[in-house]
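These notes concern the structure reproduced below.
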Amino acid sequence: MNKELMEALDILEKEKEISKETLFEAIENSLITACKNHFGKSDNVKVEIDRDTCDFICYAEKEVVEEVEDDCLQITLEDAREIFGGAQLGEMIHVEIKSKEFGRIATQNAKNVILQKIREEERSVIYNQYYEKERDVVTGVVQRYLGRNIGINLGKADAILSEGEQIRGEVFKPMERIKVYILEVRNTPKGPRILVSRTHPELVKRLFESEVTEIRDGTVEIMSIAREAGSRTKLAVWSNNPNVDAVGACVGMNGARVNAIVEELRGEKIDIINWDENPGNLIQNALSPAKIVAVFADPDEKTAKVVVPDYQLSLAIGKEGQNARLAARLTGYKIDIKSETQAKDTPGFRYEDYMDDYDEDEYEEEYPAEETYEDSDAYEADGTYENGEMSEMAEADEIEETYEQEEGEPAEV
């Protein structure tokens with residue numbers, strides 16, 4: 001039994017995750033290559049390896065003839081009978097080849113064949129391993145800055161966090177552990193090339209899936225997500241079980257679940273709202289924490305007109321239009337926001353059609369403002385809330401903007 005070879009194969013299989021059968025094939029091919037380099041040809045050379053003991057034999061099939069014309073393919077009757085006493089003319093016999101007799105060059109070539117096969121299999125194993133994790137979140141260790149890109153070690157492979165996939169203002173220290181989203185895994189001659197992201201909306205989705213048990217088991221579903229990396233994310237969730245509160249499940253006890261995600265995202269604000277099949281209710285939820293007086297949604301045109309109290313206009317729009325912009329992406333609707341005063345002054349707008357049925361106390365009870373979570377108890381949302389108290393509002397009487405699903409400059413109405 002070849003114990004040294006068996007131990008070497010066991011180590012390679014354990015550390016590199018390369019199957020023994022692949023290694024046996026590599027050894028067989030290397031011996032055949034050595035024979036070709038030593039004898040000039042290897043068409044009649046065979047190699048057999050016992051998979052259990054690792055004992056191997058290398059032999060050449062030769063024809064028994066009276067007069068030898070090719071030493072590699074033929075053998076005399078006299079020499080054949082020294083190997084096999086019953087040999088006859090015209091028969092094919094197996095002549096063992098001693099691998100120890102190979103020259104230095106042939107041995108080196110055989111070694112290179114084995115090493116090359118091991119490298120190829122190692123790359124293939126790593127590629128397959130991370131290809132299965134494509135579109136998923138993994139934990140990596142920051143290695144070094146490569147210009148404006150960052151090298152991330154994922155364990156068995158290195159990934160690249162390009163400048164475009166980094167959150168603006170986020171700085172990492174060497175050996176710092178971070179979670180990244182695998183965008184793409186490419187198979188290249190030099191090994192797998194892995195591209196990761198910290199800005200992709202799916203990163204937040206995967207983090208919630210790993211943190212929230214109800215999402216993992218399918219009780220709660222993430223129906224839509226809109227994100228401006230490093231600043232704010234809006235998440236619409238739906239519960240398949242009427243006894244399970246979708247928003248509460250995502251928030252967790254005392255905000256433990258959502259705060260763990262906020263901490264990983266370095267303080268990025270996360271709005272969690274309830275999904276509703278009614279587009280009016282969905283848009284109303286999406287614009288939280290602003291209070292909405294009325295929503296007129298057109299499902300065919302994917303547009304919506306929203307009326308808010310005068311003092312809520314700046315909150316509904318958000319800082320630099322962020323709240324309304326994210327709401328438009330979350331719902332897929334083009335949203336036009338007006339204050340009550342602006343709505344009354346709009347030609348053809350029948351303000352009394354909905355104000356007859358509008359009761360502010362009843363509305364606040366039915367549609368409480370959704371909460372915004374971050375890693376601090378006292379937060380400031382778009383410059384309008386601070387420590388739970390309403391601060392001085394920006395003068396927004398003249399503000400009137402339309403927010404589309406795609407990013408871009410707001411269109412004036």
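Each chain in the structure tokens gets a letter, A, B and so on, in the order shown; residues start at 1 in every chain, and ligands are counted from 1 in the order they appear.
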
> Any idea what's packed within 12 Å of A:Asp271, counting only C-alpha atoms, ignoring anything in its chain fewer than 6 positions away? Could you give it as a ChimeraX atom specification?
Replying inline: /A:204,224-228,231-237,247,250-251,258-259,262,285-289,323,326-327,330,369-374,381

Written file, previous selection with N, CA, C and O atoms, as a tab-separated table (two decimals), in the first residue's frame:
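Contents of part37.tsv, freshly written:
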chain	number	residue	atom	x	y	z
A	204	VAL	N	-29.89	44.95	1.37
A	204	VAL	CA	-30.80	45.17	2.51
A	204	VAL	C	-31.81	44.02	2.60
A	204	VAL	O	-32.11	43.52	3.69
A	224	SER	N	-41.51	44.97	-2.03
A	224	SER	CA	-40.82	46.00	-2.82
A	224	SER	C	-39.78	46.69	-1.96
A	224	SER	O	-39.91	46.72	-0.72
A	225	ILE	N	-38.75	47.20	-2.61
A	225	ILE	CA	-37.70	47.88	-1.88
A	225	ILE	C	-37.12	49.00	-2.74
A	225	ILE	O	-36.98	48.86	-3.95
A	226	ALA	N	-36.86	50.12	-2.12
A	226	ALA	CA	-36.23	51.26	-2.80
A	226	ALA	C	-35.13	51.79	-1.88
A	226	ALA	O	-35.35	51.95	-0.67
A	227	ARG	N	-33.98	52.06	-2.47
A	227	ARG	CA	-32.84	52.44	-1.63
A	227	ARG	C	-32.00	53.53	-2.25
A	227	ARG	O	-31.76	53.54	-3.46
A	228	GLU	N	-31.57	54.45	-1.42
A	228	GLU	CA	-30.51	55.39	-1.75
A	228	GLU	C	-29.40	55.10	-0.75
A	228	GLU	O	-29.48	55.51	0.41
A	231	SER	N	-28.07	56.58	2.82
A	231	SER	CA	-28.98	57.60	3.32
A	231	SER	C	-30.27	57.00	3.85
A	231	SER	O	-30.54	57.03	5.05
A	232	ARG	N	-31.08	56.39	2.95
A	232	ARG	CA	-32.39	55.89	3.38
A	232	ARG	C	-32.85	54.74	2.49
A	232	ARG	O	-32.56	54.70	1.30
A	233	THR	N	-33.58	53.82	3.11
A	233	THR	CA	-34.20	52.70	2.40
A	233	THR	C	-35.65	52.61	2.81
A	233	THR	O	-35.98	52.77	3.99
A	234	LYS	N	-36.52	52.36	1.83
A	234	LYS	CA	-37.93	52.10	2.11
A	234	LYS	C	-38.22	50.67	1.74
A	234	LYS	O	-37.85	50.20	0.67
A	235	LEU	N	-38.94	49.98	2.65
A	235	LEU	CA	-39.20	48.56	2.50
A	235	LEU	C	-40.70	48.32	2.68
A	235	LEU	O	-41.27	48.74	3.69
A	236	ALA	N	-41.34	47.66	1.72
A	236	ALA	CA	-42.75	47.32	1.83
A	236	ALA	C	-42.88	45.83	2.10
A	236	ALA	O	-42.36	45.01	1.33
A	237	VAL	N	-43.54	45.48	3.20
A	237	VAL	CA	-43.65	44.07	3.60
A	237	VAL	C	-45.11	43.66	3.70
A	237	VAL	O	-46.01	44.48	3.91
A	247	VAL	N	-44.67	44.41	9.85
A	247	VAL	CA	-43.74	45.47	10.26
A	247	VAL	C	-43.12	45.14	11.61
A	247	VAL	O	-41.90	45.26	11.82
A	250	CYS	N	-40.35	42.57	11.39
A	250	CYS	CA	-39.09	43.10	10.84
A	250	CYS	C	-38.37	44.00	11.85
A	250	CYS	O	-37.14	44.07	11.86
A	251	VAL	N	-39.16	44.68	12.69
A	251	VAL	CA	-38.55	45.58	13.68
A	251	VAL	C	-37.93	44.78	14.83
A	251	VAL	O	-36.81	45.04	15.25
A	258	VAL	N	-34.09	45.26	13.37
A	258	VAL	CA	-33.80	46.32	12.40
A	258	VAL	C	-32.56	47.10	12.79
A	258	VAL	O	-31.78	47.55	11.94
A	259	ASN	N	-32.31	47.24	14.09
A	259	ASN	CA	-31.12	47.98	14.54
A	259	ASN	C	-29.83	47.24	14.17
A	259	ASN	O	-28.80	47.86	13.91
A	262	VAL	N	-29.31	48.20	10.62
A	262	VAL	CA	-28.90	49.61	10.54
A	262	VAL	C	-27.43	49.75	10.94
A	262	VAL	O	-26.67	50.50	10.34
A	285	ASN	N	-48.96	54.85	2.55
A	285	ASN	CA	-47.98	54.26	3.46
A	285	ASN	C	-46.55	54.62	3.06
A	285	ASN	O	-45.70	54.86	3.91
A	286	ALA	N	-46.30	54.64	1.74
A	286	ALA	CA	-44.95	54.88	1.25
A	286	ALA	C	-44.46	56.28	1.56
A	286	ALA	O	-43.25	56.51	1.69
A	287	LEU	N	-45.37	57.23	1.67
A	287	LEU	CA	-44.98	58.61	1.94
A	287	LEU	C	-44.82	58.90	3.42
A	287	LEU	O	-44.58	60.04	3.81
A	288	SER	N	-44.98	57.88	4.27
A	288	SER	CA	-44.79	58.09	5.70
A	288	SER	C	-43.35	58.55	5.96
A	288	SER	O	-42.46	58.25	5.16
A	289	PRO	N	-43.12	59.33	7.00
A	289	PRO	CA	-44.03	59.64	8.12
A	289	PRO	C	-44.98	60.81	7.89
A	289	PRO	O	-45.59	61.28	8.84
A	323	ASN	N	-37.84	61.66	0.15
A	323	ASN	CA	-38.96	60.85	0.61
A	323	ASN	C	-39.93	60.53	-0.53
A	323	ASN	O	-40.35	59.38	-0.70
A	326	LEU	N	-38.20	58.13	-3.21
A	326	LEU	CA	-38.17	56.73	-2.80
A	326	LEU	C	-39.57	56.12	-2.83
A	326	LEU	O	-39.73	54.95	-3.19
A	327	ALA	N	-40.58	56.90	-2.45
A	327	ALA	CA	-41.95	56.40	-2.50
A	327	ALA	C	-42.36	56.08	-3.93
A	327	ALA	O	-43.05	55.09	-4.20
A	330	LEU	N	-40.67	52.85	-4.86
A	330	LEU	CA	-41.25	51.73	-4.11
A	330	LEU	C	-42.58	51.28	-4.71
A	330	LEU	O	-42.86	50.08	-4.81
A	369	ALA	N	-48.69	57.26	11.43
A	369	ALA	CA	-47.45	57.39	10.66
A	369	ALA	C	-46.53	56.23	10.97
A	369	ALA	O	-46.35	55.85	12.12
A	370	GLU	N	-45.93	55.64	9.91
A	370	GLU	CA	-44.96	54.57	10.10
A	370	GLU	C	-43.69	55.15	10.72
A	370	GLU	O	-43.41	56.34	10.59
A	371	GLU	N	-42.92	54.32	11.38
A	371	GLU	CA	-41.72	54.79	12.05
A	371	GLU	C	-40.50	54.63	11.16
A	371	GLU	O	-40.47	53.81	10.27
A	372	THR	N	-39.51	55.44	11.42
A	372	THR	CA	-38.24	55.33	10.73
A	372	THR	C	-37.20	54.89	11.75
A	372	THR	O	-37.12	55.47	12.84
A	373	TYR	N	-36.41	53.85	11.41
A	373	TYR	CA	-35.50	53.27	12.39
A	373	TYR	C	-34.06	53.54	12.01
A	373	TYR	O	-33.69	53.46	10.85
A	374	GLU	N	-33.27	53.84	13.00
A	374	GLU	CA	-31.84	53.97	12.80
A	374	GLU	C	-31.15	53.63	14.12
A	374	GLU	O	-31.79	53.20	15.07
A	381	ALA	N	-35.49	63.45	10.89
A	381	ALA	CA	-35.90	62.99	9.55
A	381	ALA	C	-36.15	64.19	8.68
A	381	ALA	O	-37.11	64.93	8.86

> What lies within 10 Å of A:Ile283 using only C-alpha atoms, ignoring chain neighbours under 6 positions off, as a ChimeraX atom specification?
Replying inline: /A:275-276,292,295-297,304-306,324,327-328,330-333,335

Which of stretch 125-368 of chain A end up as alpha helix (DSSP H) when DSSP is run on this backbone - answer as a PDB file with C-alpha atoms, in the first residue's frame?
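The new file out04.pdb reads:
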ATOM      1  CA  VAL A 125     -14.093  24.329  -7.081  1.00  0.00           C
ATOM      2  CA  ILE A 126     -13.800  27.949  -5.914  1.00  0.00           C
ATOM      3  CA  TYR A 127     -15.736  29.222  -8.933  1.00  0.00           C
ATOM      4  CA  ASN A 128     -18.583  26.753  -8.389  1.00  0.00           C
ATOM      5  CA  GLN A 129     -18.648  27.501  -4.675  1.00  0.00           C
ATOM      6  CA  TYR A 130     -19.051  31.253  -5.116  1.00  0.00           C
ATOM      7  CA  TYR A 131     -21.195  30.998  -8.246  1.00  0.00           C
ATOM      8  CA  PRO A 201     -30.962  47.209  -2.770  1.00  0.00           C
ATOM      9  CA  GLU A 202     -30.832  43.406  -2.589  1.00  0.00           C
ATOM     10  CA  LEU A 203     -28.177  43.755   0.130  1.00  0.00           C
ATOM     11  CA  VAL A 204     -30.799  45.168   2.505  1.00  0.00           C
ATOM     12  CA  LYS A 205     -33.285  42.502   1.437  1.00  0.00           C
ATOM     13  CA  ARG A 206     -30.827  39.668   2.105  1.00  0.00           C
ATOM     14  CA  LEU A 207     -29.882  41.163   5.469  1.00  0.00           C
ATOM     15  CA  PHE A 208     -33.547  41.150   6.503  1.00  0.00           C
ATOM     16  CA  GLU A 209     -33.885  37.554   5.294  1.00  0.00           C
ATOM     17  CA  SER A 210     -30.970  36.490   7.479  1.00  0.00           C
ATOM     18  CA  GLU A 211     -32.133  38.513  10.499  1.00  0.00           C
ATOM     19  CA  THR A 213     -37.129  34.379  10.908  1.00  0.00           C
ATOM     20  CA  GLU A 214     -40.584  35.144   9.522  1.00  0.00           C
ATOM     21  CA  ILE A 215     -39.089  36.240   6.197  1.00  0.00           C
ATOM     22  CA  ARG A 216     -36.929  33.111   5.963  1.00  0.00           C
ATOM     23  CA  ALA A 246     -45.244  42.162   9.124  1.00  0.00           C
ATOM     24  CA  VAL A 247     -43.742  45.466  10.263  1.00  0.00           C
ATOM     25  CA  GLY A 248     -43.418  44.309  13.867  1.00  0.00           C
ATOM     26  CA  ALA A 249     -41.666  41.101  12.813  1.00  0.00           C
ATOM     27  CA  CYS A 250     -39.090  43.105  10.842  1.00  0.00           C
ATOM     28  CA  VAL A 251     -38.552  45.578  13.682  1.00  0.00           C
ATOM     29  CA  ALA A 256     -33.353  44.618  17.896  1.00  0.00           C
ATOM     30  CA  ARG A 257     -33.667  43.132  14.410  1.00  0.00           C
ATOM     31  CA  VAL A 258     -33.804  46.315  12.399  1.00  0.00           C
ATOM     32  CA  ASN A 259     -31.118  47.978  14.537  1.00  0.00           C
ATOM     33  CA  ALA A 260     -28.707  45.127  13.765  1.00  0.00           C
ATOM     34  CA  ILE A 261     -29.185  45.839  10.059  1.00  0.00           C
ATOM     35  CA  VAL A 262     -28.900  49.606  10.545  1.00  0.00           C
ATOM     36  CA  GLU A 263     -25.631  49.067  12.401  1.00  0.00           C
ATOM     37  CA  GLU A 264     -24.270  46.940   9.541  1.00  0.00           C
ATOM     38  CA  PRO A 279     -52.428  51.666  -4.820  1.00  0.00           C
ATOM     39  CA  GLY A 280     -53.898  54.591  -2.906  1.00  0.00           C
ATOM     40  CA  ASN A 281     -53.224  52.993   0.458  1.00  0.00           C
ATOM     41  CA  LEU A 282     -49.789  51.836  -0.678  1.00  0.00           C
ATOM     42  CA  ILE A 283     -48.765  55.331  -1.784  1.00  0.00           C
ATOM     43  CA  GLN A 284     -50.107  56.713   1.477  1.00  0.00           C
ATOM     44  CA  ASN A 285     -47.979  54.257   3.457  1.00  0.00           C
ATOM     45  CA  ALA A 286     -44.949  54.877   1.254  1.00  0.00           C
ATOM     46  CA  LEU A 313     -45.739  69.353   2.515  1.00  0.00           C
ATOM     47  CA  SER A 314     -42.030  69.631   3.245  1.00  0.00           C
ATOM     48  CA  LEU A 315     -42.100  66.362   5.205  1.00  0.00           C
ATOM     49  CA  ALA A 316     -43.898  64.521   2.397  1.00  0.00           C
ATOM     50  CA  ILE A 317     -41.404  65.775  -0.163  1.00  0.00           C
ATOM     51  CA  GLN A 322     -35.818  62.037  -1.157  1.00  0.00           C
ATOM     52  CA  ASN A 323     -38.964  60.847   0.615  1.00  0.00           C
ATOM     53  CA  ALA A 324     -41.194  61.330  -2.425  1.00  0.00           C
ATOM     54  CA  ARG A 325     -38.547  59.943  -4.789  1.00  0.00           C
ATOM     55  CA  LEU A 326     -38.170  56.729  -2.798  1.00  0.00           C
ATOM     56  CA  ALA A 327     -41.953  56.400  -2.498  1.00  0.00           C
ATOM     57  CA  ALA A 328     -42.235  56.651  -6.292  1.00  0.00           C
ATOM     58  CA  ARG A 329     -39.656  53.897  -6.779  1.00  0.00           C
ATOM     59  CA  LEU A 330     -41.250  51.728  -4.112  1.00  0.00           C
ATOM     60  CA  THR A 331     -44.738  51.920  -5.600  1.00  0.00           C
ATOM     61  CA  GLU A 340     -54.318  71.646   0.523  1.00  0.00           C
ATOM     62  CA  THR A 341     -53.960  75.299  -0.416  1.00  0.00           C
ATOM     63  CA  GLN A 342     -52.383  74.440  -3.772  1.00  0.00           C
ATOM     64  CA  ALA A 343     -55.041  71.775  -4.434  1.00  0.00           C
ATOM     65  CA  LYS A 344     -57.878  74.249  -3.839  1.00  0.00           C
ATOM     66  CA  ASP A 345     -56.320  76.686  -6.314  1.00  0.00           C
ATOM     67  CA  GLU A 352     -65.059  69.354  -1.506  1.00  0.00           C
ATOM     68  CA  ASP A 353     -65.432  65.874  -3.038  1.00  0.00           C
ATOM     69  CA  TYR A 354     -63.179  64.338  -0.417  1.00  0.00           C
ATOM     70  CA  MET A 355     -63.208  66.900   2.386  1.00  0.00           C
ATOM     71  CA  GLU A 360     -58.619  64.320  10.845  1.00  0.00           C
ATOM     72  CA  ASP A 361     -58.961  62.428  14.160  1.00  0.00           C
ATOM     73  CA  GLU A 362     -60.399  59.366  12.429  1.00  0.00           C
ATOM     74  CA  TYR A 363     -57.691  59.516   9.767  1.00  0.00           C
ATOM     75  CA  GLU A 364     -54.849  59.655  12.297  1.00  0.00           C
ATOM     76  CA  GLU A 365     -56.301  56.673  14.147  1.00  0.00           C
ATOM     77  CA  GLU A 366     -56.700  54.600  10.956  1.00  0.00           C
TER      78      GLU A 366
END

>> Using only C-alpha atoms for the distances, tell me which of A:Val185, A:Leu115, A:Val220, A:Cys54 is nearest to A:Glu7.
In response: A:Cys54

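The gap separating atom CA of A:Ile152 from atom CA of A:Glu120 is 22.5 Å, in Å to one decimal.
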
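Taking atom CA of A:Asn29 and atom CA of A:Arg119 as the two end points, the separation is 15.1 Å.
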
> Using only C-alpha atoms, which of A:Ile75, A:Ile18, A:Met223, A:Ile337 sits nearest A:Gly321?
Replying inline: A:Ile337

> With only C-alpha atoms as the atoms that count, which of A:Phe56, A:Phe84, A:Phe102, A:Phe172 lies nearest to A:Cys35?
Replying inline: A:Phe102

> Got a sec: who's within 6 Å of stretch 41-46 of chain A, counting only C-alpha atoms, leaving out chain neighbours fewer than 3 positions off, as number ranges by chain?
Replying inline: A: 35-36, 58-61

Would you mind exporting all heavy atoms of the selected residues as a compact mmCIF listing (two decimals), in the first residue's frame?
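Here's the written file out-v1.txt:
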# COMPACT_ATOMS: atom_id res chain seq x y z
N CYS A 35 5.95 8.84 -20.05
CA CYS A 35 6.32 7.78 -21.00
C CYS A 35 6.54 8.34 -22.39
O CYS A 35 7.47 7.96 -23.12
CB CYS A 35 5.23 6.72 -21.04
SG CYS A 35 5.15 5.70 -19.55
N LYS A 36 5.70 9.27 -22.77
CA LYS A 36 5.84 9.87 -24.10
C LYS A 36 7.15 10.63 -24.21
O LYS A 36 7.83 10.60 -25.24
CB LYS A 36 4.65 10.79 -24.36
CG LYS A 36 4.64 11.36 -25.76
CD LYS A 36 3.37 12.15 -26.04
CE LYS A 36 3.36 12.68 -27.46
NZ LYS A 36 2.13 13.44 -27.77
N CYS A 58 2.43 0.76 -14.43
CA CYS A 58 2.50 1.38 -15.75
C CYS A 58 3.10 0.34 -16.71
O CYS A 58 4.17 -0.21 -16.44
CB CYS A 58 3.37 2.64 -15.69
SG CYS A 58 3.51 3.52 -17.26
N TYR A 59 2.39 0.04 -17.80
CA TYR A 59 2.89 -0.99 -18.73
C TYR A 59 2.60 -0.58 -20.17
O TYR A 59 1.75 0.28 -20.44
CB TYR A 59 2.24 -2.35 -18.42
CG TYR A 59 0.74 -2.38 -18.57
CD1 TYR A 59 0.14 -2.62 -19.81
CD2 TYR A 59 -0.09 -2.17 -17.46
CE1 TYR A 59 -1.23 -2.64 -19.93
CE2 TYR A 59 -1.46 -2.18 -17.58
CZ TYR A 59 -2.03 -2.43 -18.83
OH TYR A 59 -3.40 -2.44 -18.97
N ALA A 60 3.36 -1.23 -21.07
CA ALA A 60 3.18 -0.99 -22.51
C ALA A 60 2.71 -2.29 -23.16
O ALA A 60 3.20 -3.38 -22.83
CB ALA A 60 4.49 -0.53 -23.13
N GLU A 61 1.75 -2.19 -24.05
CA GLU A 61 1.28 -3.35 -24.80
C GLU A 61 2.18 -3.52 -26.04
O GLU A 61 2.24 -2.62 -26.89
CB GLU A 61 -0.17 -3.15 -25.22
CG GLU A 61 -1.15 -3.16 -24.06
CD GLU A 61 -2.59 -3.00 -24.52
OE1 GLU A 61 -2.80 -2.52 -25.66
OE2 GLU A 61 -3.50 -3.38 -23.77

>> Taking the DSSP secondary structure from the backbone, can you list the residues of stretch 122-367 of chain A that are strand (DSSP E or B), as a PyMOL selection string?
In response: chain A and resi 137-146+149-153+158-161+177-188+191-197+220-228+232-239+269-274+294-298+303-308+334-339

> Using only C-alpha atoms, which residues sit within 8 Å of A:Gly151 once same-chain residues fewer than 5 positions away are excluded, as a ChimeraX atom specification?
Replying inline: /A:142-146,158-161

What's around A:Asn153 at 6 Å? Count only C-alpha atoms, leave out sequence neighbours fewer than 2 positions away in its own chain, and write the answer as an mmCIF file with N, CA, C and O atoms, in the first residue's frame.
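Done, and the output landed in result_15.cif:
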data_model
loop_
_atom_site.group_PDB
_atom_site.id
_atom_site.type_symbol
_atom_site.label_atom_id
_atom_site.label_comp_id
_atom_site.auth_asym_id
_atom_site.auth_seq_id
_atom_site.Cartn_x
_atom_site.Cartn_y
_atom_site.Cartn_z
ATOM 1 N N GLY A 140 -16.947 39.352 4.438
ATOM 2 C CA GLY A 140 -15.568 39.404 3.968
ATOM 3 C C GLY A 140 -14.702 40.248 4.884
ATOM 4 O O GLY A 140 -15.208 40.984 5.748
ATOM 5 N N VAL A 141 -13.401 40.153 4.668
ATOM 6 C CA VAL A 141 -12.431 40.925 5.449
ATOM 7 C C VAL A 141 -11.728 41.898 4.516
ATOM 8 O O VAL A 141 -11.225 41.502 3.457
ATOM 9 N N GLY A 155 -12.466 34.424 2.124
ATOM 10 C CA GLY A 155 -12.084 33.130 2.671
ATOM 11 C C GLY A 155 -11.172 32.395 1.707
ATOM 12 O O GLY A 155 -9.956 32.402 1.858
ATOM 13 N N ASP A 158 -10.604 36.129 -3.298
ATOM 14 C CA ASP A 158 -10.643 37.577 -3.101
ATOM 15 C C ASP A 158 -11.687 38.184 -4.010
ATOM 16 O O ASP A 158 -11.878 37.737 -5.147
#
